[in-house]
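**Student:** Got a structure for you, query19.tsv, holding TSV, C-alpha atoms.
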```
chain	number	residue	atom	x	y	z
J	891	VAL	CA	5.90	-26.67	32.23
J	892	SER	CA	6.64	-30.38	32.42
J	893	GLY	CA	9.77	-32.47	32.21
J	894	GLN	CA	12.25	-34.48	34.28
J	895	PHE	CA	14.82	-33.16	36.71
J	896	MET	CA	18.13	-35.03	36.94
J	897	LEU	CA	19.57	-34.85	40.48
J	898	ALA	CA	22.75	-36.52	39.36
J	899	SER	CA	23.66	-33.42	37.39
J	900	LEU	CA	23.69	-31.26	40.54
J	901	PRO	CA	26.54	-30.79	43.01
J	902	ALA	CA	26.37	-33.16	46.01
J	903	ALA	CA	25.44	-30.32	48.41
J	904	PHE	CA	22.13	-29.77	46.58
J	905	ARG	CA	21.08	-33.37	45.93
J	906	ASP	CA	19.32	-33.78	49.31
J	907	ILE	CA	17.93	-30.23	49.53
J	908	ILE	CA	15.81	-30.29	46.34
J	909	PRO	CA	13.75	-33.46	47.14
J	910	ARG	CA	13.32	-32.46	50.79
J	911	TYR	CA	12.03	-28.92	50.33
J	912	LEU	CA	10.71	-28.97	46.75
J	913	PRO	CA	9.36	-32.49	46.25
J	914	ASN	CA	6.71	-31.53	43.66
J	915	VAL	CA	8.87	-29.41	41.38
J	916	LEU	CA	9.73	-30.90	38.03
J	917	LEU	CA	12.21	-29.02	35.88
J	918	PRO	CA	12.92	-29.71	32.20
J	919	VAL	CA	16.17	-31.28	31.17
J	920	LYS	CA	18.37	-28.85	29.25
J	921	GLY	CA	17.70	-29.11	25.51
J	922	GLN	CA	14.42	-31.00	25.93
J	923	SER	CA	11.51	-29.52	23.94
J	924	VAL	CA	8.48	-28.24	25.84
J	925	LYS	CA	5.06	-29.26	24.60
J	926	GLN	CA	2.56	-26.49	23.86
J	927	ASP	CA	-1.00	-27.43	23.05
J	928	PHE	CA	-3.79	-24.97	23.72
J	929	ASN	CA	-6.88	-23.34	22.22
J	930	PHE	CA	-8.13	-19.78	22.64
J	931	ASP	CA	-11.37	-17.98	21.86
J	932	ILE	CA	-11.59	-14.21	22.47
J	933	ASP	CA	-14.67	-12.04	21.96
J	934	PHE	CA	-13.98	-8.30	21.80
J	935	LYS	CA	-16.84	-6.54	23.58
J	936	ASN	CA	-15.61	-3.02	24.21
J	937	MET	CA	-12.03	-2.14	23.34
J	938	SER	CA	-12.37	1.65	23.47
J	939	ALA	CA	-10.67	2.02	26.85
J	940	PHE	CA	-7.61	0.18	25.52
J	941	THR	CA	-7.47	1.57	21.98
J	942	GLU	CA	-8.01	5.20	23.01
J	943	ASN	CA	-4.92	5.05	25.22
J	944	PHE	CA	-2.60	2.74	23.31
J	945	LEU	CA	-3.87	2.47	19.70
J	946	PRO	CA	-6.01	5.57	19.02
J	947	ASP	CA	-6.11	4.89	15.25
J	948	LEU	CA	-7.62	1.42	15.75
J	949	TYR	CA	-11.32	0.58	16.03
J	950	LEU	CA	-12.79	-2.91	16.48
J	951	ASP	CA	-16.48	-3.65	16.25
J	952	PRO	CA	-17.79	-5.18	19.53
J	953	SER	CA	-18.68	-8.35	17.63
J	954	SER	CA	-15.05	-8.98	16.60
J	955	ARG	CA	-13.64	-12.40	17.46
J	956	LEU	CA	-10.20	-13.99	17.62
J	957	LYS	CA	-9.82	-17.76	17.95
J	958	GLY	CA	-7.27	-20.44	17.23
J	959	GLN	CA	-5.11	-23.32	18.37
J	960	ILE	CA	-1.40	-24.05	18.69
J	961	ASN	CA	0.21	-27.48	18.89
J	962	SER	CA	3.99	-27.71	19.07
J	963	ASP	CA	4.09	-31.50	18.59
J	964	SER	CA	2.35	-31.41	15.22
J	965	ARG	CA	3.84	-27.98	14.49
J	966	ASN	CA	0.40	-26.60	13.71
J	967	PHE	CA	-0.76	-23.02	14.16
J	968	ASP	CA	-4.29	-21.95	13.21
J	969	VAL	CA	-5.69	-18.49	13.95
J	970	SER	CA	-8.77	-16.72	12.62
J	971	PHE	CA	-10.01	-13.19	13.14
J	972	ASN	CA	-13.43	-11.83	12.16
J	973	SER	CA	-14.80	-8.32	12.40
J	974	SER	CA	-17.81	-6.70	10.76
J	975	ASP	CA	-16.14	-3.28	11.11
J	976	PHE	CA	-12.35	-2.95	11.35
J	977	ARG	CA	-10.74	0.49	11.06
J	978	TYR	CA	-7.21	1.77	11.22
J	979	ALA	CA	-6.47	5.44	10.53
J	980	ASN	CA	-8.26	6.28	7.24
J	981	PHE	CA	-8.75	2.65	6.22
J	982	LYS	CA	-11.89	0.65	6.91
J	983	LEU	CA	-12.66	-3.01	6.18
J	984	THR	CA	-16.19	-4.37	6.37
J	985	ASN	CA	-16.88	-8.03	7.15
J	986	LEU	CA	-13.19	-8.76	7.53
J	987	ASP	CA	-12.21	-12.44	7.60
J	988	LEU	CA	-8.56	-13.29	8.29
J	989	LYS	CA	-7.12	-16.81	8.55
J	990	VAL	CA	-3.51	-17.74	9.29
J	991	ALA	CA	-2.42	-21.37	9.27
J	992	ALA	CA	1.06	-22.85	9.68
J	993	GLU	CA	2.14	-26.46	9.32
J	994	ASN	CA	5.75	-27.59	9.46
J	995	ASN	CA	7.70	-25.14	7.24
J	996	ALA	CA	4.77	-23.56	5.39
J	997	MET	CA	2.37	-20.77	6.32
J	998	LYS	CA	-0.88	-19.80	4.61
J	999	VAL	CA	-2.63	-16.44	4.93
J	1000	ALA	CA	-6.11	-15.67	3.59
J	1001	LEU	CA	-7.65	-12.24	4.03
J	1002	ARG	CA	-10.99	-11.12	2.62
J	1003	SER	CA	-13.26	-8.12	3.05
J	1004	ASP	CA	-16.54	-7.11	1.43
J	1005	THR	CA	-15.31	-3.53	1.04
J	1006	LEU	CA	-12.03	-1.71	1.58
J	1007	TYR	CA	-12.48	2.03	2.18
J	1008	TYR	CA	-9.34	4.13	1.62
J	1009	THR	CA	-11.23	7.44	2.13
J	1010	SER	CA	-14.70	8.24	3.46
J	1011	SER	CA	-16.14	7.90	-0.06
J	1012	GLY	CA	-13.40	6.06	-1.94
J	1013	TYR	CA	-13.68	2.28	-1.77
J	1014	ILE	CA	-12.80	-1.05	-3.41
J	1015	PRO	CA	-15.38	-3.86	-3.27
J	1016	ASP	CA	-14.49	-7.51	-2.78
J	1017	PHE	CA	-10.90	-7.14	-1.56
J	1018	SER	CA	-8.90	-10.32	-0.92
J	1019	ILE	CA	-5.34	-11.61	-0.73
J	1020	ASN	CA	-4.09	-15.18	-0.38
J	1021	ALA	CA	-0.45	-16.05	0.28
J	1022	LEU	CA	1.69	-19.14	0.82
J	1023	ALA	CA	5.11	-18.69	2.46
J	1024	MET	CA	7.74	-21.43	2.34
J	1025	ASP	CA	11.51	-21.68	1.87
J	1026	ASN	CA	12.15	-17.91	1.73
J	1027	ARG	CA	9.47	-17.45	-0.93
J	1028	VAL	CA	5.93	-16.07	-0.83
J	1029	ASP	CA	3.40	-16.85	-3.57
J	1030	PHE	CA	0.38	-14.54	-3.54
J	1031	LEU	CA	-2.91	-13.79	-5.28
J	1032	LEU	CA	-4.38	-10.28	-4.96
J	1033	ARG	CA	-7.95	-9.54	-6.01
J	1034	LEU	CA	-9.69	-6.15	-6.14
J	1035	ALA	CA	-13.35	-5.99	-7.23
J	1036	ASP	CA	-12.74	-9.25	-9.11
J	1037	GLN	CA	-16.32	-9.82	-10.24
J	1038	SER	CA	-17.90	-9.87	-13.67
J	1039	GLY	CA	-19.65	-6.62	-14.43
J	1040	GLN	CA	-17.21	-4.48	-12.47
J	1041	PRO	CA	-15.75	-1.81	-14.83
J	1042	ASN	CA	-12.54	-1.65	-12.78
J	1043	ARG	CA	-11.12	-4.86	-11.37
J	1044	LEU	CA	-7.77	-6.52	-10.77
J	1045	ARG	CA	-6.33	-9.98	-10.25
J	1046	TRP	CA	-2.57	-10.31	-9.77
J	1047	ALA	CA	-0.72	-13.55	-9.11
J	1048	GLY	CA	2.96	-13.34	-8.29
J	1049	HIS	CA	5.79	-14.28	-5.98
J	1050	CYS	CA	8.38	-12.66	-3.74
J	1051	ASN	CA	11.81	-14.17	-3.03
J	1052	PHE	CA	13.69	-13.15	0.13
J	1053	ALA	CA	17.50	-13.10	0.01
J	1054	THR	CA	17.79	-11.70	3.56
J	1055	TYR	CA	15.32	-10.22	6.05
J	1056	ASN	CA	15.60	-6.80	4.35
J	1057	GLU	CA	16.30	-7.81	0.75
J	1058	ALA	CA	13.62	-9.24	-1.54
J	1059	ALA	CA	12.43	-9.26	-5.15
J	1060	LEU	CA	8.75	-9.26	-6.16
J	1061	THR	CA	7.38	-10.21	-9.58
J	1062	ILE	CA	3.85	-10.30	-11.03
J	1063	ASP	CA	3.62	-13.61	-12.89
J	1064	SER	CA	0.11	-13.28	-14.31
J	1065	SER	CA	-2.30	-10.39	-14.47
J	1066	ASP	CA	-5.95	-9.72	-15.24
J	1067	VAL	CA	-6.64	-5.98	-15.09
J	1068	THR	CA	-9.76	-4.20	-16.32
J	1069	ILE	CA	-9.91	-0.38	-16.34
J	1070	ASP	CA	-13.06	1.36	-17.56
J	1071	ALA	CA	-14.30	-1.99	-18.90
J	1072	LYS	CA	-11.17	-2.45	-21.06
J	1073	PRO	CA	-8.52	-5.18	-20.58
J	1074	TRP	CA	-5.00	-4.03	-19.75
J	1075	ALA	CA	-1.78	-6.07	-19.78
J	1076	ILE	CA	1.10	-5.74	-17.32
J	1077	LEU	CA	4.64	-5.78	-18.73
J	1078	ALA	CA	6.16	-9.26	-18.61
J	1079	ASP	CA	9.65	-8.42	-17.29
J	1080	ASN	CA	8.42	-6.51	-14.23
J	1081	LYS	CA	10.23	-6.59	-10.90
J	1082	VAL	CA	10.29	-4.70	-7.63
J	1083	GLU	CA	13.50	-5.05	-5.62
J	1084	PHE	CA	13.48	-4.17	-1.92
J	1085	GLY	CA	16.91	-3.48	-0.46
J	1086	LYS	CA	18.88	-1.62	2.17
J	1087	THR	CA	19.17	1.52	0.05
J	1088	GLY	CA	15.55	1.69	-1.09
J	1089	THR	CA	13.00	0.16	-3.45
J	1090	HIS	CA	13.89	-0.33	-7.11
J	1091	LEU	CA	10.99	-0.53	-9.58
J	1092	ILE	CA	11.90	-2.15	-12.90
J	1093	ASN	CA	9.65	-2.20	-15.96
J	1094	ILE	CA	6.41	-1.68	-14.05
J	1095	GLY	CA	3.73	-0.75	-16.56
J	1096	LEU	CA	0.23	-1.30	-17.93
J	1097	LYS	CA	-0.77	-1.22	-21.59
J	1098	HIS	CA	-3.99	-1.20	-23.62
J	1099	ASP	CA	-3.66	-0.69	-27.38
J	1100	ASP	CA	-1.75	2.64	-27.68
J	1101	GLU	CA	-2.40	3.67	-24.09
J	1102	PHE	CA	0.48	3.14	-21.70
J	1103	VAL	CA	1.62	4.12	-18.22
J	1104	GLY	CA	4.93	2.90	-16.81
J	1105	ILE	CA	7.16	3.40	-13.78
J	1106	ASP	CA	10.91	2.83	-13.54
J	1107	GLY	CA	13.39	3.98	-10.94
J	1108	TRP	CA	13.95	4.29	-7.22
J	1109	VAL	CA	12.06	5.15	-4.07
J	1110	SER	CA	15.02	5.91	-1.85
J	1111	ARG	CA	16.41	8.26	0.78
J	1112	ASP	CA	19.32	8.81	-1.59
J	1113	SER	CA	18.54	12.25	-3.04
J	1114	THR	CA	20.38	11.44	-6.28
J	1115	LYS	CA	18.11	8.53	-7.22
J	1116	GLN	CA	15.01	9.21	-9.32
J	1117	LEU	CA	11.62	7.70	-10.04
J	1118	GLY	CA	10.33	8.11	-13.59
J	1119	ILE	CA	6.72	7.88	-14.81
J	1120	ASN	CA	5.93	7.72	-18.53
J	1121	PHE	CA	2.60	8.19	-20.30
J	1122	ASN	CA	1.46	7.61	-23.85
J	1123	ASP	CA	-2.05	8.60	-24.91
J	1124	PHE	CA	-3.18	7.80	-21.34
J	1125	SER	CA	-6.73	8.97	-20.58
J	1126	LEU	CA	-7.08	10.99	-17.39
J	1127	SER	CA	-10.62	9.61	-17.04
J	1128	HIS	CA	-9.07	6.39	-15.70
J	1129	LEU	CA	-8.24	8.28	-12.51
J	1130	ASN	CA	-11.79	9.36	-11.75
J	1131	ALA	CA	-12.78	6.22	-9.86
J	1132	ALA	CA	-9.90	6.78	-7.44
J	1133	LEU	CA	-10.63	10.52	-7.14
J	1134	ASN	CA	-14.26	10.29	-6.06
J	1135	ALA	CA	-13.41	11.89	-2.73
J	1136	LEU	CA	-12.27	15.10	-4.52
J	1137	ASN	CA	-15.62	15.43	-6.28
J	1138	THR	CA	-13.74	16.39	-9.45
J	1139	ARG	CA	-13.61	14.57	-12.77
J	1140	PHE	CA	-10.95	14.76	-15.46
J	1141	GLY	CA	-10.56	13.76	-19.08
J	1142	GLY	CA	-8.07	14.05	-21.93
J	1143	ALA	CA	-5.20	12.01	-23.38
J	1144	THR	CA	-1.82	12.48	-21.65
J	1145	THR	CA	1.58	11.92	-23.25
J	1146	GLY	CA	4.96	12.68	-21.70
J	1147	SER	CA	7.03	11.99	-18.63
J	1148	ALA	CA	7.50	12.96	-15.01
J	1149	THR	CA	10.53	12.49	-12.77
J	1150	LEU	CA	10.47	12.55	-8.97
J	1151	THR	CA	13.63	13.08	-6.91
J	1152	ASP	CA	14.30	13.16	-3.15
J	1153	LEU	CA	10.90	11.72	-2.23
J	1154	TYR	CA	11.65	11.56	1.52
J	1155	ALA	CA	12.85	15.15	1.98
J	1156	ASP	CA	12.38	18.04	-0.50
J	1157	LEU	CA	10.34	16.39	-3.23
J	1158	ARG	CA	11.35	17.62	-6.66
J	1159	LEU	CA	9.05	17.09	-9.62
J	1160	GLU	CA	10.21	17.53	-13.20
J	1161	THR	CA	7.61	17.06	-15.93
J	1162	ASN	CA	7.10	17.41	-19.63
J	1163	LEU	CA	3.45	16.53	-20.19
J	1164	ASN	CA	0.90	17.32	-22.88
J	1165	VAL	CA	-2.84	16.74	-22.53
J	1166	GLN	CA	-4.98	16.68	-25.65
J	1167	GLY	CA	-8.62	17.65	-25.12
J	1168	MET	CA	-8.33	18.28	-21.37
J	1169	ILE	CA	-11.68	18.01	-19.58
J	1170	ILE	CA	-12.49	19.24	-16.07
J	1171	ASN	CA	-15.93	18.52	-14.62
J	1172	SER	CA	-17.51	17.76	-18.02
J	1173	ASP	CA	-16.17	20.99	-19.59
J	1174	THR	CA	-13.62	20.77	-22.42
J	1175	VAL	CA	-10.89	23.18	-21.35
J	1176	GLY	CA	-8.48	22.72	-24.26
J	1177	ASN	CA	-5.03	21.35	-24.95
J	1178	ALA	CA	-2.63	21.72	-22.04
J	1179	SER	CA	1.13	21.53	-21.57
J	1180	PHE	CA	2.98	21.30	-18.26
J	1181	ILE	CA	6.74	21.76	-17.97
J	1182	THR	CA	8.48	21.79	-14.60
J	1183	GLY	CA	12.16	21.58	-13.72
J	1184	TYR	CA	14.66	22.11	-10.95
J	1185	ASP	CA	17.21	24.93	-10.79
J	1186	THR	CA	20.18	23.79	-8.70
J	1187	LYS	CA	21.68	27.29	-8.32
J	1188	SER	CA	18.58	28.85	-6.76
J	1189	ASN	CA	17.27	25.57	-5.26
J	1190	SER	CA	13.87	26.25	-6.78
J	1191	LEU	CA	11.26	24.49	-8.88
J	1192	PHE	CA	10.13	26.36	-12.00
J	1193	ILE	CA	6.73	25.77	-13.57
J	1194	ASN	CA	5.41	26.71	-17.01
J	1195	ALA	CA	1.88	25.68	-17.88
J	1196	ASP	CA	-0.38	26.69	-20.75
J	1197	VAL	CA	-3.91	25.77	-21.71
J	1198	ILE	CA	-4.91	26.57	-25.28
J	1199	LYS	CA	-8.49	26.48	-26.53
J	1200	GLY	CA	-8.67	26.92	-30.27
J	1201	THR	CA	-5.99	29.53	-30.97
J	1202	ALA	CA	-6.22	31.40	-27.66
J	1203	LYS	CA	-4.30	30.83	-24.46
J	1204	ILE	CA	-6.96	30.80	-21.77
J	1205	ILE	CA	-4.57	29.95	-18.90
J	1206	THR	CA	-0.86	30.72	-18.47
J	1207	ILE	CA	1.06	29.90	-15.30
J	1208	ALA	CA	4.75	30.73	-14.90
J	1209	GLY	CA	6.91	31.02	-11.81
J	1210	ASN	CA	9.03	29.38	-9.17
J	1211	TYR	CA	8.77	27.60	-5.87
J	1212	ARG	CA	11.82	28.35	-3.70
J	1213	PHE	CA	12.69	25.53	-1.30
J	1214	ASP	CA	14.91	27.69	0.92
J	1215	ASP	CA	12.44	30.56	1.33
J	1216	LYS	CA	10.02	29.69	4.12
J	1217	VAL	CA	8.20	33.07	3.95
J	1218	ASN	CA	7.86	33.82	0.23
J	1219	ALA	CA	8.31	30.41	-1.34
J	1220	PHE	CA	5.73	30.97	-4.10
J	1221	ASP	CA	6.43	33.42	-6.93
J	1222	PHE	CA	3.95	32.87	-9.79
J	1223	ASP	CA	2.27	34.86	-12.54
J	1224	ILE	CA	-1.17	33.51	-13.48
J	1225	LYS	CA	-3.07	34.87	-16.47
J	1226	THR	CA	-6.52	33.85	-17.64
J	1227	ASP	CA	-8.56	34.85	-20.69
J	1228	ASN	CA	-12.18	33.72	-21.13
J	1229	PHE	CA	-11.81	30.92	-18.60
J	1230	TYR	CA	-15.07	29.97	-16.89
J	1231	LEU	CA	-14.64	29.55	-13.15
J	1232	HIS	CA	-17.60	27.19	-12.84
J	1233	THR	CA	-15.37	24.59	-14.56
J	1234	ILE	CA	-13.41	24.11	-11.34
J	1235	ASP	CA	-16.47	24.37	-9.07
J	1236	ARG	CA	-16.73	20.97	-7.40
J	1237	LYS	CA	-20.47	21.44	-6.92
J	1238	SER	CA	-20.92	21.30	-10.69
J	1239	VAL	CA	-19.90	17.65	-10.84
J	1240	VAL	CA	-22.77	15.28	-11.64
```
Translate the structure of the given file into structure tokens.
**Tutor:**
Amino acid sequence: VSGQFMLASLPAAFRDIIPRYLPNVLLPVKGQSVKQDFNFDIDFKNMSAFTENFLPDLYLDPSSRLKGQINSDSRNFDVSFNSSDFRYANFKLTNLDLKVAAENNAMKVALRSDTLYYTSSGYIPDFSINALAMDNRVDFLLRLADQSGQPNRLRWAGHCNFATYNEAALTIDSSDVTIDAKPWAILADNKVEFGKTGTHLINIGLKHDDEFVGIDGWVSRDSTKQLGINFNDFSLSHLNAALNALNTRFGGATTGSATLTDLYADLRLETNLNVQGMIINSDTVGNASFITGYDTKSNSLFINADVIKGTAKIITIAGNYRFDDKVNAFDFDIKTDNFYLHTIDRKSVV
């Protein structure tokens, strides 16, 4: 700490005491800025003793490094972090490179990783995000597997405006999405509003020719607010890349809707879905219909599902899930006719 101490500002009784007994002390004048200018360079050798006690979900490779500099006069702030193996809970980032730089009223963030693992076998190659924050606005560019030849890749450029610290609106301005080697377009009037009462998703959807999946509604603690998901001729095979960890593959064209209510407490799912040519693990099961709803009087979820192959019903499921019954919550009748069990054997997946 450096500065200048003004004896004249002190009462007369203290004016002789300070110089006599504390001649080398310099105190800053009230309101005077304090200069900060320093560099740091930290190598993480073995963090297990710390992380096991305070952050058990965190793992840092011993070669991880944090370095940077701060200068208050020029209002600069530069920090970089590198780790060949960074893990938190079920997520893992390989060859992580993070840079944060601030100058005057703007801040830049650049994060890149060779591979982002979201499960032990599910991963996204070439993950990166760049952002520029200034004047209550953040412009960002998100890339997932954004390389030619990748059958599934994404590039989203957008912005987020902050009205207050807990109210913001996010929009995707431009989009380049490829799913199963086909280009998909995001709806132009999309918006995600973050507020005190929850998150409001407006016109969030992807489209390719006649295929469509869209989300509208609320993610909120208010049990009366709903989140709706709509499908039109949407192929279930698009989900297989994300479901590698389940060792199960699906197929078939889905049309219909699903509504989710009370996501934070007793999740209620209401659906009216039809799947043409449903495929499980390379076997064509048939045409399927799924209808679920909520009965307010009994506080239960009813389910009716049928799978028809040719003219025969090979699977029929009907029953209820009672939210208030903790002992006998499930009450279902399941009937099968000429349904091959090896279809749902995960070992049969190639």
**Student:** Within 8 Å of (-2.5, 9.5, -20.0) (file coordinates; only C-alpha atoms), which protein or nucleic acid residues are there? I'd like them as a PDB file with C-alpha atoms, in the frame of the given file.
**Tutor:**
```pdb
ATOM      1  CA  GLU J1101      -2.400   3.670 -24.090  1.00  0.00           C
ATOM      2  CA  PHE J1102       0.480   3.140 -21.700  1.00  0.00           C
ATOM      3  CA  VAL J1103       1.620   4.120 -18.220  1.00  0.00           C
ATOM      4  CA  PHE J1121       2.600   8.190 -20.300  1.00  0.00           C
ATOM      5  CA  ASN J1122       1.460   7.610 -23.850  1.00  0.00           C
ATOM      6  CA  ASP J1123      -2.050   8.600 -24.910  1.00  0.00           C
ATOM      7  CA  PHE J1124      -3.180   7.800 -21.340  1.00  0.00           C
ATOM      8  CA  SER J1125      -6.730   8.970 -20.580  1.00  0.00           C
ATOM      9  CA  LEU J1126      -7.080  10.990 -17.390  1.00  0.00           C
ATOM     10  CA  GLY J1142      -8.070  14.050 -21.930  1.00  0.00           C
ATOM     11  CA  ALA J1143      -5.200  12.010 -23.380  1.00  0.00           C
ATOM     12  CA  THR J1144      -1.820  12.480 -21.650  1.00  0.00           C
ATOM     13  CA  THR J1145       1.580  11.920 -23.250  1.00  0.00           C
ATOM     14  CA  VAL J1165      -2.840  16.740 -22.530  1.00  0.00           C
TER      15      VAL J1165
END
```
**Student:** So how many Å separate atom CA of J:Lys1081 and atom CA of J:Asn1093, to one decimal?
**Tutor:**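 Calculated distance between atom CA of J:Lys1081 and atom CA of J:Asn1093 is 6.7 Å.
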**Student:** Let me make sure I understand: among J:Lys925, J:Lys935, J:Arg1111, J:Arg1033, which one has the smallest atom-to-atom distance to J:Gly1085 if we use only C-alpha atoms?
**Tutor:**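 Closest candidate: J:Arg1111.
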**Student:** Would you kindly return, as an NGL selection string, each protein, DNA or RNA residue with an atom no farther than 12 Å from any atom of J:Phe930, considering only C-alpha atoms and excluding same-chain residues fewer than 5 positions away?
**Tutor:** :J and (955-961 or 967-971)
**Student:** With only C-alpha atoms as the atoms that count, which of J:Pro952, J:Gly1176, J:Pro1015, J:Gly1167 lies nearest to J:Lys982?
**Tutor:**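 When distances to J:Lys982 are compared using only C-alpha atoms, the smallest one comes from J:Pro1015.
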**Student:** Between atom CA of J:Ile1105 and atom CA of J:Arg1043, what is the distance in Å, rounded to a tenth?
**Tutor:**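 These atoms are spaced 20.2 Å apart.
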**Student:** What is the distance, in Å and to one decimal place, between atom CA of J:Lys1216 and atom CA of J:Ser1147?
**Tutor:** 29.0 Å
**Student:** Need the shell around stretch 1028-1030 of chain J: protein/DNA/RNA residues with any atom at most 8 Å away, counting only C-alpha atoms. Skip same-chain ones fewer than 5 positions apart. Format as a ChimeraX atom specification?
**Tutor:** /J:1019-1023,1047-1051
**Student:** Would you kindly return, as a VMD selection string, each protein, DNA or RNA residue with an atom no farther than 7 Å from any atom of J:Thr1182, considering only C-alpha atoms and excluding same-chain residues fewer than 6 positions away?
**Tutor:** chain J and resid 1159 to 1162 1191 to 1194
**Student:** Which of these residues is nearest to J:Ser1113, using all atoms listed in the file: J:Ile1181, J:Leu1060, J:Ala1155, J:Val1217?
**Tutor:**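 Nearest candidate to J:Ser1113 out of J:Ile1181, J:Leu1060, J:Ala1155, J:Val1217: J:Ala1155.
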**Student:** Show which residues sit within 9 Å of J:Leu986, as an mmCIF file with C-alpha atoms, in the frame of the given file. Count only C-alpha atoms, and ignore same-chain residues fewer than 2 positions away.
**Tutor:**
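Result saved to result25.cif:
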```cif
data_model
loop_
_atom_site.group_PDB
_atom_site.id
_atom_site.type_symbol
_atom_site.label_atom_id
_atom_site.label_comp_id
_atom_site.auth_asym_id
_atom_site.auth_seq_id
_atom_site.Cartn_x
_atom_site.Cartn_y
_atom_site.Cartn_z
ATOM 1 C CA PHE J 971 -10.010 -13.190 13.140
ATOM 2 C CA ASN J 972 -13.430 -11.830 12.160
ATOM 3 C CA SER J 973 -14.800 -8.320 12.400
ATOM 4 C CA SER J 974 -17.810 -6.700 10.760
ATOM 5 C CA ASP J 975 -16.140 -3.280 11.110
ATOM 6 C CA PHE J 976 -12.350 -2.950 11.350
ATOM 7 C CA LEU J 983 -12.660 -3.010 6.180
ATOM 8 C CA THR J 984 -16.190 -4.370 6.370
ATOM 9 C CA LEU J 988 -8.560 -13.290 8.290
ATOM 10 C CA LEU J 1001 -7.650 -12.240 4.030
ATOM 11 C CA ARG J 1002 -10.990 -11.120 2.620
ATOM 12 C CA SER J 1003 -13.260 -8.120 3.050
ATOM 13 C CA ASP J 1004 -16.540 -7.110 1.430
ATOM 14 C CA THR J 1005 -15.310 -3.530 1.040
#
```
**Student:** List as a PyMOL selection string: which residues have an atom within 12 Å of (-10.1, 5.9, -9.8), counting all atoms listed in the file?
**Tutor:** chain J and resi 1008+1011-1014+1041-1043+1069-1070+1125-1140
**Student:** J:Ile1169, J:Leu1153, J:Ile1207, J:Leu1117: which is nearest J:Gly1141, counting all atoms listed in the file?
**Tutor:**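 Between J:Ile1169, J:Leu1153, J:Ile1207, J:Leu1117, the residue approaching J:Gly1141 most closely is J:Ile1169.
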**Student:** Check the smallest atom-to-atom distance from each of J:Thr941, J:Asn1171, J:Thr1061, J:Ser962 to J:Asp927 using all atoms listed in the file, then report the winner.
**Tutor:**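 Answer, going by the shortest atom-to-atom distance: J:Ser962.
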